[in-house]
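Visitor: First the structure, then my questions, so here it is.
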Amino acid sequence: LNYDVVDAGTPPATSAATANLDIDTLQMQDSGVTDIGPDGITRAVMTDVGGDAALGGTTAKGTSGGDAVLYNAGSSPYADIAEFDMMGGSDLVDLTGATAGYSVLLGAGEDVAIGSSGNDLLEGGADQDTLTGGDGADIFVLSSGPVTIEDFITDYNLAEGDRIDLTAVVNGIDDITGIVEYDPNTGNLDVSGSTAFNVENAPMSMPIQVEVIFEDSMGAAQTALV
């Protein structure tokens, strides 16, 4: 960034200056186009933004309304974007066709997130969300407690390395027996008797086991099969 520094003298003295700006968050805008999502909700399609690879990737930020982020290798590649922060509203993030692997943070509202073929992290928000990881070793994150409403995971695949992160509500303990329970007949993953996720690996098909992440009494991340 090139700019002039001007003092309050008479006449004012001016000197040129240069600054390097590291911008790690970019605001997406309403493109003026709408999209009807897989849940039948019409949303405003967001503009494409490009990040900075030198920063290790950039965050693309949504609006407080109902947004649709639709990856397209030609028109909306979201180059060097590492994370989507969707804020409020009922949002759709569809990264089908992308390979990079992203973090998707969903805010308030009933949202839909569809990951890439890479290793994605999908974090639900305050309301009931539908999460599809796609290929790769994906992590499905429970954002916060207490557990009051379940999110839906549509394609959990233990063989691909998918995991469910419960550290927001399961922490400070070394044994999750009796605290985290999974029912392969219903797909319900419960924490202390409340359903945090309903898990499928295909329509109407539930996995036999799921792998969860929790935090032990020393503050270290641990995993367990339930």
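Here's how to read the names in the structure tokens: chain A, B, ... by the order shown, residue numbers from 1 in each chain, ligand numbers from 1 in the order shown.
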Can you pull out the residues contacting A:Ile149? Cut-off 8 Å, using only C-alpha atoms, and skip same-chain residues under 4 positions away; I want them as a PDB file with N, CA, C and O atoms, in the first residue's frame.

Guide:
```pdb
ATOM      1  N   ASP A 127     -27.943 -24.091  15.220  1.00  0.00           N
ATOM      2  CA  ASP A 127     -29.168 -24.774  14.844  1.00  0.00           C
ATOM      3  C   ASP A 127     -28.860 -26.100  14.160  1.00  0.00           C
ATOM      4  O   ASP A 127     -27.709 -26.503  14.053  1.00  0.00           O
ATOM      5  N   GLN A 128     -29.881 -26.763  13.670  1.00  0.00           N
ATOM      6  CA  GLN A 128     -29.722 -28.099  13.096  1.00  0.00           C
ATOM      7  C   GLN A 128     -29.148 -28.003  11.680  1.00  0.00           C
ATOM      8  O   GLN A 128     -29.774 -27.451  10.777  1.00  0.00           O
ATOM      9  N   THR A 195     -28.677 -36.230  22.162  1.00  0.00           N
ATOM     10  CA  THR A 195     -28.137 -36.542  20.839  1.00  0.00           C
ATOM     11  C   THR A 195     -27.424 -35.339  20.251  1.00  0.00           C
ATOM     12  O   THR A 195     -28.013 -34.272  20.065  1.00  0.00           O
ATOM     13  N   ALA A 196     -26.129 -35.538  19.953  1.00  0.00           N
ATOM     14  CA  ALA A 196     -25.310 -34.475  19.350  1.00  0.00           C
ATOM     15  C   ALA A 196     -25.323 -34.560  17.827  1.00  0.00           C
ATOM     16  O   ALA A 196     -25.335 -33.541  17.135  1.00  0.00           O
TER      17      ALA A 196
END
```

Visitor: Going by DSSP on the backbone, which residues of stretch 115-174 of chain A come out as strand (DSSP E or B)? List them as a ChimeraX atom specification.

Guide: /A:121-123,130-132,139-141,151-153,163-165,171

Visitor: Rounded to one decimal place, report the atom CA of A:Ile41-atom CA of A:Val104 distance in Å.

Guide: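 Pair atom CA of A:Ile41 / atom CA of A:Val104 returns 19.2 Å.
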
Visitor: Please give the complete set of residues from stretch 41-193 of chain A that DSSP, run on the backbone, assigns to helix (DSSP H, G or I), formatted as a VMD selection string.

Guide: chain A and resid 53 to 55 158 to 160

Visitor: Export, as a short mmCIF file (atom, residue, chain, number, x, y, z; two decimals), in the first residue's frame, the selected residues with C-alpha atoms.

Guide:
```cif
data_model
loop_
_atom_site.label_atom_id
_atom_site.label_comp_id
_atom_site.auth_asym_id
_atom_site.auth_seq_id
_atom_site.Cartn_x
_atom_site.Cartn_y
_atom_site.Cartn_z
CA ALA A 53 -1.17 -18.38 -0.11
CA ALA A 54 1.69 -16.70 1.75
CA LEU A 55 -0.56 -16.47 4.81
CA LEU A 158 -14.55 -44.58 9.20
CA ALA A 159 -12.35 -46.28 6.58
CA GLU A 160 -11.53 -42.88 5.05
#
```
